[in-house]
Amino acid sequence: MLVPLSWLREYVDIDVTPDELEERLFSCGFEVEEKHELGRDISNVVVGLVKSCEAVEGTHLHQCMVDAGVHGTFQIMCGADNVHAGGRFPLALIGATVYGTAKDHKTIEGVVTIREGKLRGHDSFGMLCSGTELGLTEDLYEGAGYNGLLVLPEDAVPGEDVKPILGLDDWIFDVSITANRPDCQCIFGLAREVAAALGKPLRAPRLDHSEDGTEAPLQVTVEAKDLCPRYIGHYVSDVRIGPAPQWMRRRLALAGINAISNIVDITNYVLTELGQPMHAFDYPYLKDAHIIVRRAKEGEKVTTLDEKEFTLTPENLVIADAERPVALAGIMGGLNSEIQDSTTAVVYEAAAFQRDNIRKSSRALGQSSDSSAMFSKGVYEYSTVMAMERALHLTEELGAGKASKVHLDVNTGNSLEARTMTVSLKKVLGVLGITVPEEDVIRIFTNLDFAPELSGDTLTVRIPAYREDIEGYQDLSEELIRMYGYEHVVPTFLPTAQVTMGGRSDRQKALLRLRRALAAAGAHEGMHYSFFSPSDLDLLKLPEDAPERKAIPILNPINVDLSLMRTTLAPEMIRAMARNEKRGNMGGRIFEVGKVFIPKALPLTDYPDERDTLSIGVFGKEEDFFTLKGLTERVADCLLTKFRYRPAEKTFLHPNMTAEILSEGRVVGYMGKLRYEIAAELDMELPAYVAEIDLQALSDCFPRVGHYTPLPKFDVEKRDFAFVVDSEKTCEEIEDAIRASCPYITNVELFDVYEGLQVLSGKKSMAFSVVFTPTDHAFKDAELEGFVEKILEDLKVKAGAVLRG
């Protein structure tokens, strides 16, 4: 909201600098996004008195001698048609900065610096200025719109700075108003806050007016009382349409509003001053002199003042006469009842509309205005009464018309009187955690117009009707501290708090180790939304009773693609690999550590189980199943555990290249190759592999700490074995049997698998490399032979394995 300092001073005596005022506003909860002096780009421009003015033969120029007071007298060449001896005009001295203009002398083209020059052979030591060259318009200063020199008052003293004379020393504050303070989205509302912050008296706008206008019939009916709790209509006769006075046009211009005509400008002025949108209907165009506030009929049409036609629904609120809509309620008036030059009687409207209805209608229709923005934030009934009185006063003051006694106020009976609230001062201060002297409490609440009374610990205040945001003692605490000053808040511990050493938790440390290990292996970490689509589950070909389909639906999703809380990370990882391939990345490794959300029941009766989960994806011609297995082994190493693998089935993974991942006897995940048909559905040509590990199931591994093991003092021994076993035997079974046969075995590694003519049908050959590590002495040959014999004996008994010949 644009707030001119000069307008604020209409209601409050402000004796602080603009910088200090900005700080006070910020401390009260109002952020000043920007502030600037109106004439910030204008410098070294003074009042110039033309002492002599002689036309230069054969040109449009005049040679002028201009008195600049203490700055001296200068020869100025000027081509303006209104320059004359005895005239007072703005004089830009050498080195001054003003605005450059285009050939039309009306369009600003940046800031220029005035230098000494020659015009038609004559020296010129400065420049006499137009209003445009000083950044002024006709609304900002009378005469500034003329295509010539800007004429200054007769009492302007030569050599004085022109900024105070032209109002260029005014400051504009762009203030951000929070959603809970709609009472401050106007100049007077903000002036109340400034007065309270500075401890200054507040001057209210004048509301007095006579009611001697001619009366006429008028009827107001509010059918949609749920959407319009208050509607005031007042008939004004003897209307004379013309321009508003310069002071009003200037204030509107400083607030970013263009002047139109006196009646329309009055409604815009009240909107800006008091935060109450108003509208003026041309009375003769209201059929049967009847105003009806109702829901629109299905398919009903209205054309607004900007000549846009809208087709309405019953969700839209309209102001209608006896036959058709004449305005979109709270948004914009209708073209069929606009104020014209011939208007002689008007009906002023001031109303309170439900904010959510105006906001939804504005968005649905794609039509917005200053009024709709104001109503969307909230307009209270309190301001409707005050605004109507203010509009009638201004109408009389400007001579734009005469208020009649025809005043219709339709309301739901809500009280506009101050509300009494009694609270414990101890509770108010308890929220702040500090002690505020009682005299300061009384002073602050008095400045806020809360009429406080303090008796012991009992604080009684009267909340003005415009402060609907004050509901309890917590709100009073906020009001107190923002005026007392947040700098008085002393940091203290909560009663149950204690000093801690800080640092990462075991979980954070473990996940950090895991991330670093995977990144070191060439994997890039990705991050996806915590939501996915039902189509993602369909992509995985999951049956209807699959646990992954028991996903939590979002009540108000952004779109269907983000309508479910994810129960698995696989779909997003698969799509991430597909996106990379489509964009020309022909291989890569990706991982994500994120949450899945598993409901205990649907619909929800309790918070879901949020489980830390790891997803890994690899794709490309250089990647295979064992690349993925190597990455899962790194995970096991980070968590100081061992993974085992056994065949498994997943609807979206290759049936012969899918494995369950086990840790210490429990299933913690799966891994495998993406099915060809799913890859084809995503237009993937490269092989892709995906793994998913439930890190929550491994949480008991998080606190584990690795221990240093010194290198063996004696040489390790290595032996290779090739066993013939049944085809269904797994590597895990054979490896476990080998490890169990001897306590000195530190590593078992499969390095070859063979099925073919050289082994019997239904059999396969599996070759392992086994490492024996001594602890306290070097192994003797006899010991090693004993280890080997024990391995062969155990495998024959446990796995039916025989040594291949």
# chains A, B, ... in the order shown; residues from 1 in each chain; ligands from 1
$ residues_around --residues "segment 441-445 of chain A" --least-positions-apart "2" --cutoff "10 Å" --atoms "only C-alpha atoms" --output "VMD selection string"
chain A and resid 196 to 197 199 425 429 436 to 439 447 to 454 459 461 to 463 476 479 to 484
$ write_last_selection --atoms "N, CA, C and O atoms" --output "compact mmCIF listing (two decimals), in the first residue's frame"
# COMPACT_ATOMS: atom_id res chain seq x y z
N ALA A 196 -0.29 5.91 17.84
CA ALA A 196 -0.04 5.09 19.02
C ALA A 196 1.45 4.90 19.25
O ALA A 196 1.94 4.95 20.38
N ALA A 197 2.20 4.68 18.16
CA ALA A 197 3.64 4.44 18.28
C ALA A 197 4.38 5.69 18.74
O ALA A 197 5.36 5.59 19.49
N GLY A 199 2.93 8.21 20.36
CA GLY A 199 2.29 8.83 21.53
C GLY A 199 1.69 10.17 21.22
O GLY A 199 1.65 11.07 22.07
N LEU A 425 -3.57 -9.69 34.00
CA LEU A 425 -2.34 -9.04 33.54
C LEU A 425 -1.16 -10.01 33.63
O LEU A 425 -0.26 -10.00 32.79
N LEU A 429 1.40 -10.86 30.58
CA LEU A 429 2.85 -10.73 30.67
C LEU A 429 3.54 -12.09 30.61
O LEU A 429 4.68 -12.20 30.17
N VAL A 436 6.42 -5.76 32.37
CA VAL A 436 6.21 -4.43 31.80
C VAL A 436 5.60 -3.56 32.90
O VAL A 436 4.58 -3.95 33.49
N PRO A 437 6.21 -2.41 33.21
CA PRO A 437 5.65 -1.54 34.26
C PRO A 437 4.18 -1.23 34.00
O PRO A 437 3.77 -1.03 32.85
N GLU A 438 3.40 -1.17 35.09
CA GLU A 438 1.96 -0.94 34.94
C GLU A 438 1.65 0.37 34.23
O GLU A 438 0.70 0.45 33.44
N GLU A 439 2.47 1.40 34.51
CA GLU A 439 2.21 2.69 33.86
C GLU A 439 2.40 2.59 32.33
O GLU A 439 1.70 3.25 31.56
N ASN A 447 -3.06 4.58 24.24
CA ASN A 447 -2.69 5.05 22.90
C ASN A 447 -3.37 4.24 21.80
O ASN A 447 -3.65 4.75 20.72
N LEU A 448 -3.65 2.95 22.10
CA LEU A 448 -4.33 2.10 21.12
C LEU A 448 -5.84 2.25 21.18
O LEU A 448 -6.56 1.54 20.47
N ASP A 449 -6.33 3.19 22.01
CA ASP A 449 -7.76 3.45 22.15
C ASP A 449 -8.50 2.26 22.73
O ASP A 449 -9.64 1.98 22.37
N PHE A 450 -7.84 1.54 23.68
CA PHE A 450 -8.46 0.37 24.31
C PHE A 450 -9.09 0.73 25.66
O PHE A 450 -9.64 -0.15 26.32
N ALA A 451 -9.00 1.99 26.09
CA ALA A 451 -9.61 2.45 27.35
C ALA A 451 -9.33 1.49 28.50
O ALA A 451 -10.26 0.91 29.09
N PRO A 452 -8.06 1.28 28.89
CA PRO A 452 -7.74 0.26 29.90
C PRO A 452 -8.08 0.69 31.32
O PRO A 452 -8.05 1.87 31.67
N GLU A 453 -8.42 -0.30 32.13
CA GLU A 453 -8.60 -0.11 33.56
C GLU A 453 -7.91 -1.27 34.26
O GLU A 453 -8.14 -2.44 33.93
N LEU A 454 -7.04 -0.95 35.24
CA LEU A 454 -6.27 -1.97 35.93
C LEU A 454 -6.62 -1.95 37.41
O LEU A 454 -6.49 -0.93 38.08
N LEU A 459 -7.11 -6.76 34.35
CA LEU A 459 -7.01 -5.74 33.31
C LEU A 459 -8.28 -5.78 32.47
O LEU A 459 -8.64 -6.81 31.90
N VAL A 461 -10.22 -3.98 29.26
CA VAL A 461 -10.04 -3.12 28.09
C VAL A 461 -11.31 -3.14 27.26
O VAL A 461 -12.11 -4.08 27.34
N ARG A 462 -11.50 -2.09 26.49
CA ARG A 462 -12.62 -2.02 25.55
C ARG A 462 -12.05 -2.02 24.14
O ARG A 462 -11.35 -1.09 23.74
N ILE A 463 -12.34 -3.09 23.40
CA ILE A 463 -11.76 -3.30 22.08
C ILE A 463 -12.62 -2.58 21.04
O ILE A 463 -13.82 -2.88 20.90
N LEU A 476 -3.65 -9.44 23.23
CA LEU A 476 -3.25 -8.27 24.01
C LEU A 476 -1.75 -8.28 24.29
O LEU A 476 -1.10 -7.23 24.31
N GLU A 479 -0.12 -6.95 21.18
CA GLU A 479 -0.28 -5.50 21.08
C GLU A 479 0.66 -4.79 22.04
O GLU A 479 1.27 -3.76 21.70
N LEU A 480 0.79 -5.34 23.22
CA LEU A 480 1.63 -4.71 24.24
C LEU A 480 3.10 -4.71 23.83
O LEU A 480 3.77 -3.66 23.88
N ILE A 481 3.61 -5.84 23.36
CA ILE A 481 5.05 -5.93 23.10
C ILE A 481 5.43 -5.19 21.82
O ILE A 481 6.54 -4.63 21.73
N ARG A 482 4.54 -5.13 20.83
CA ARG A 482 4.93 -4.43 19.60
C ARG A 482 5.02 -2.92 19.83
O ARG A 482 5.74 -2.23 19.11
N MET A 483 4.27 -2.42 20.82
CA MET A 483 4.37 -1.01 21.15
C MET A 483 5.44 -0.74 22.21
O MET A 483 6.10 0.29 22.20
N TYR A 484 5.62 -1.70 23.11
CA TYR A 484 6.64 -1.54 24.17
C TYR A 484 8.04 -1.71 23.58
O TYR A 484 8.98 -1.03 24.00
$ residues_around --residues "Val635 of chain A" --least-positions-apart "2" --cutoff "8 Å" --atoms "only C-alpha atoms" --output "JSON, numbers by chain"
{"A": [514, 517, 518, 631, 632, 633, 637, 638, 639]}
$ atom_distance --atom1 "atom CA of Leu168 of chain A" --atom2 "atom CA of Trp7 of chain A"
13.7 Å
$ atom_distance --atom1 "atom CA of Leu695 of chain A" --atom2 "atom CA of Arg589 of chain A"
19.2 Å
$ select_by_dssp --residues "segment 19-87 of chain A" --states "strand (DSSP E)" --output "PyMOL selection string"
chain A and resi 31-37+43-55+62-67+73-78
$ atom_distance --atom1 "atom CA of Gly617 of chain A" --atom2 "atom CA of Lys673 of chain A"
9.7 Å
$ residues_around --residues "Val716 of chain A" --least-positions-apart "5" --cutoff "12 Å" --atoms "only C-alpha atoms" --output "compact mmCIF listing (two decimals) with C-alpha atoms, in the first residue's frame"
# COMPACT_ATOMS: atom_id res chain seq x y z
CA LEU A 711 46.64 -55.74 10.06
CA TYR A 744 39.66 -68.13 10.73
CA ILE A 745 37.79 -67.44 7.49
CA THR A 746 37.59 -63.65 6.93
CA ASN A 747 36.33 -63.47 3.35
CA VAL A 770 38.34 -68.28 0.59
CA VAL A 771 40.73 -66.21 2.75
CA PHE A 772 42.11 -67.57 6.06
CA THR A 773 43.57 -64.96 8.44
CA PRO A 774 45.76 -66.09 11.37
CA THR A 775 45.52 -64.30 14.71
CA ASP A 776 48.36 -65.40 17.01
CA HIS A 777 50.58 -67.68 14.87
CA ALA A 778 51.38 -68.56 11.29
CA PHE A 779 49.35 -71.40 9.85
CA LYS A 780 51.14 -74.69 9.23
CA LEU A 784 45.37 -75.56 6.46
$ residues_around --residues "segment 643-648 of chain A" --least-positions-apart "2" --cutoff "9 Å" --atoms "only C-alpha atoms" --output "PyMOL selection string"
chain A and resi 632-633+636+641+650+655-665+670+730-732
$ closest_residue --among "A:Asn258, A:Thr422, A:Ser52, A:Thr97" --to "Thr137 of chain A" --atoms "only C-alpha atoms"
A:Asn258
$ residues_around --residues "segment 83-90 of chain A" --least-positions-apart "6" --cutoff "7 Å" --atoms "only C-alpha atoms" --output "ChimeraX atom specification"
/A:45-53,128-129,149-152,154,162
$ write_last_selection --atoms "C-alpha atoms" --output "compact mmCIF listing (two decimals), in the first residue's frame"
# COMPACT_ATOMS: atom_id res chain seq x y z
CA VAL A 45 16.53 23.32 -9.07
CA VAL A 46 15.56 26.73 -7.65
CA VAL A 47 13.04 29.50 -8.17
CA GLY A 48 14.05 31.69 -11.13
CA LEU A 49 12.65 35.20 -11.71
CA VAL A 50 12.87 36.27 -15.36
CA LYS A 51 14.19 39.85 -15.29
CA SER A 52 14.29 40.34 -19.06
CA CYS A 53 13.10 38.30 -22.03
CA LEU A 128 13.95 26.77 -17.23
CA CYS A 129 11.82 23.67 -16.56
CA LEU A 149 7.19 26.19 -18.42
CA LEU A 150 5.77 25.38 -15.01
CA VAL A 151 4.48 28.63 -13.47
CA LEU A 152 5.38 29.12 -9.79
CA GLU A 154 3.93 34.95 -7.24
CA VAL A 162 11.48 24.39 -5.58
$ select_by_dssp --residues "segment 500-672 of chain A" --states "alpha helix (DSSP H)" --output "VMD selection string"
chain A and resid 506 to 520 534 to 539 570 to 582 625 to 638
$ residues_around --residues "Val326 of chain A" --least-positions-apart "5" --cutoff "10 Å" --atoms "only C-alpha atoms" --output "PyMOL selection string"
chain A and resi 281+285-287+291-292+302-304+318-321+332-338
$ write_last_selection --atoms "N, CA and C atoms" --output "tab-separated table (two decimals), in the first residue's frame"
chain	number	residue	atom	x	y	z
A	281	PHE	N	-23.94	4.92	-7.97
A	281	PHE	CA	-24.81	4.56	-9.08
A	281	PHE	C	-25.49	5.82	-9.62
A	285	TYR	N	-30.69	5.45	-13.73
A	285	TYR	CA	-30.51	4.18	-14.42
A	285	TYR	C	-30.83	2.98	-13.52
A	286	LEU	N	-31.24	3.24	-12.27
A	286	LEU	CA	-31.68	2.15	-11.39
A	286	LEU	C	-33.17	1.92	-11.61
A	287	LYS	N	-33.52	0.82	-12.24
A	287	LYS	CA	-34.91	0.54	-12.57
A	287	LYS	C	-35.77	0.45	-11.30
A	291	ILE	N	-32.64	-1.25	-5.29
A	291	ILE	CA	-31.36	-1.95	-5.24
A	291	ILE	C	-31.57	-3.29	-4.55
A	292	ILE	N	-31.14	-4.36	-5.22
A	292	ILE	CA	-31.31	-5.72	-4.68
A	292	ILE	C	-29.93	-6.39	-4.63
A	302	VAL	N	-23.35	-9.63	-17.09
A	302	VAL	CA	-23.15	-8.25	-16.67
A	302	VAL	C	-21.92	-7.71	-17.38
A	303	THR	N	-21.98	-6.44	-17.76
A	303	THR	CA	-20.84	-5.77	-18.38
A	303	THR	C	-20.33	-4.73	-17.40
A	304	THR	N	-19.07	-4.85	-17.04
A	304	THR	CA	-18.49	-3.97	-16.02
A	304	THR	C	-17.97	-2.68	-16.64
A	318	VAL	N	-24.24	-10.21	-6.84
A	318	VAL	CA	-24.43	-9.02	-7.69
A	318	VAL	C	-25.28	-7.99	-6.97
A	319	ILE	N	-25.11	-6.73	-7.39
A	319	ILE	CA	-26.02	-5.65	-7.01
A	319	ILE	C	-26.92	-5.44	-8.23
A	320	ALA	N	-28.21	-5.61	-8.05
A	320	ALA	CA	-29.14	-5.53	-9.17
A	320	ALA	C	-30.19	-4.47	-8.89
A	321	ASP	N	-30.83	-4.04	-9.97
A	321	ASP	CA	-32.03	-3.22	-9.80
A	321	ASP	C	-33.22	-4.14	-10.04
A	332	MET	N	-16.58	-4.64	-9.17
A	332	MET	CA	-16.62	-3.50	-10.08
A	332	MET	C	-18.06	-3.18	-10.44
A	333	GLY	N	-18.32	-1.87	-10.65
A	333	GLY	CA	-19.65	-1.43	-11.05
A	333	GLY	C	-19.97	-1.82	-12.48
A	334	GLY	N	-21.26	-1.72	-12.81
A	334	GLY	CA	-21.70	-2.07	-14.15
A	334	GLY	C	-21.69	-0.87	-15.07
A	335	LEU	N	-21.48	-1.16	-16.36
A	335	LEU	CA	-21.44	-0.09	-17.37
A	335	LEU	C	-22.81	0.58	-17.52
A	336	ASN	N	-23.88	-0.16	-17.17
A	336	ASN	CA	-25.23	0.37	-17.37
A	336	ASN	C	-25.66	1.35	-16.28
A	337	SER	N	-24.81	1.62	-15.29
A	337	SER	CA	-25.18	2.60	-14.26
A	337	SER	C	-24.00	3.49	-13.88
A	338	GLU	N	-23.04	3.63	-14.80
A	338	GLU	CA	-21.85	4.41	-14.48
A	338	GLU	C	-22.15	5.91	-14.43
$ decode --residues "segment 492-552 of chain A" --atoms "C-alpha atoms" --output "mmCIF file, in the first residue's frame"
data_model
loop_
_atom_site.group_PDB
_atom_site.id
_atom_site.type_symbol
_atom_site.label_atom_id
_atom_site.label_comp_id
_atom_site.auth_asym_id
_atom_site.auth_seq_id
_atom_site.Cartn_x
_atom_site.Cartn_y
_atom_site.Cartn_z
ATOM 1 C CA THR A 492 15.574 -17.092 28.772
ATOM 2 C CA PHE A 493 15.337 -20.878 28.956
ATOM 3 C CA LEU A 494 11.989 -22.604 29.151
ATOM 4 C CA PRO A 495 11.370 -23.991 32.676
ATOM 5 C CA THR A 496 12.161 -27.556 31.559
ATOM 6 C CA ALA A 497 15.014 -26.683 29.183
ATOM 7 C CA GLN A 498 18.613 -27.692 29.738
ATOM 8 C CA VAL A 499 21.927 -27.042 28.047
ATOM 9 C CA THR A 500 22.987 -29.762 25.629
ATOM 10 C CA MET A 501 26.218 -30.445 23.799
ATOM 11 C CA GLY A 502 24.504 -30.284 20.447
ATOM 12 C CA GLY A 503 25.719 -32.260 17.448
ATOM 13 C CA ARG A 504 24.140 -34.815 15.136
ATOM 14 C CA SER A 505 22.049 -37.735 16.301
ATOM 15 C CA ASP A 506 23.037 -41.340 15.525
ATOM 16 C CA ARG A 507 20.456 -41.361 12.738
ATOM 17 C CA GLN A 508 21.824 -38.176 11.180
ATOM 18 C CA LYS A 509 25.391 -39.479 11.375
ATOM 19 C CA ALA A 510 24.449 -42.803 9.787
ATOM 20 C CA LEU A 511 22.496 -41.183 6.933
ATOM 21 C CA LEU A 512 25.351 -38.744 6.319
ATOM 22 C CA ARG A 513 27.840 -41.648 6.080
ATOM 23 C CA LEU A 514 25.487 -43.394 3.694
ATOM 24 C CA ARG A 515 25.071 -40.332 1.458
ATOM 25 C CA ARG A 516 28.810 -39.724 1.319
ATOM 26 C CA ALA A 517 29.546 -43.374 0.505
ATOM 27 C CA LEU A 518 27.043 -43.485 -2.360
ATOM 28 C CA ALA A 519 28.259 -40.135 -3.707
ATOM 29 C CA ALA A 520 31.843 -41.447 -3.577
ATOM 30 C CA ALA A 521 30.655 -44.407 -5.685
ATOM 31 C CA GLY A 522 29.529 -41.997 -8.422
ATOM 32 C CA ALA A 523 25.855 -41.727 -7.483
ATOM 33 C CA HIS A 524 24.031 -38.379 -7.532
ATOM 34 C CA GLU A 525 21.516 -37.588 -4.819
ATOM 35 C CA GLY A 526 18.031 -36.693 -5.980
ATOM 36 C CA MET A 527 14.985 -35.340 -4.195
ATOM 37 C CA HIS A 528 11.337 -35.754 -5.131
ATOM 38 C CA TYR A 529 7.978 -34.627 -3.785
ATOM 39 C CA SER A 530 6.467 -36.607 -0.904
ATOM 40 C CA PHE A 531 3.361 -37.016 -3.078
ATOM 41 C CA PHE A 532 2.719 -39.129 -6.128
ATOM 42 C CA SER A 533 -0.069 -40.098 -8.504
ATOM 43 C CA PRO A 534 -2.340 -43.149 -8.717
ATOM 44 C CA SER A 535 -0.843 -43.582 -12.192
ATOM 45 C CA ASP A 536 2.547 -44.163 -10.555
ATOM 46 C CA LEU A 537 1.137 -47.210 -8.802
ATOM 47 C CA ASP A 538 -0.451 -48.354 -12.047
ATOM 48 C CA LEU A 539 2.958 -48.033 -13.717
ATOM 49 C CA LEU A 540 4.319 -50.636 -11.268
ATOM 50 C CA LYS A 541 1.530 -53.069 -12.288
ATOM 51 C CA LEU A 542 0.632 -53.512 -8.622
ATOM 52 C CA PRO A 543 -2.478 -55.564 -7.819
ATOM 53 C CA GLU A 544 -5.410 -53.804 -6.182
ATOM 54 C CA ASP A 545 -4.674 -55.370 -2.789
ATOM 55 C CA ALA A 546 -0.971 -54.436 -2.822
ATOM 56 C CA PRO A 547 0.092 -52.642 0.396
ATOM 57 C CA GLU A 548 1.610 -49.824 -1.686
ATOM 58 C CA ARG A 549 -1.888 -48.925 -2.910
ATOM 59 C CA LYS A 550 -3.021 -48.161 0.639
ATOM 60 C CA ALA A 551 -1.863 -44.560 0.239
ATOM 61 C CA ILE A 552 -3.132 -41.504 2.105
#
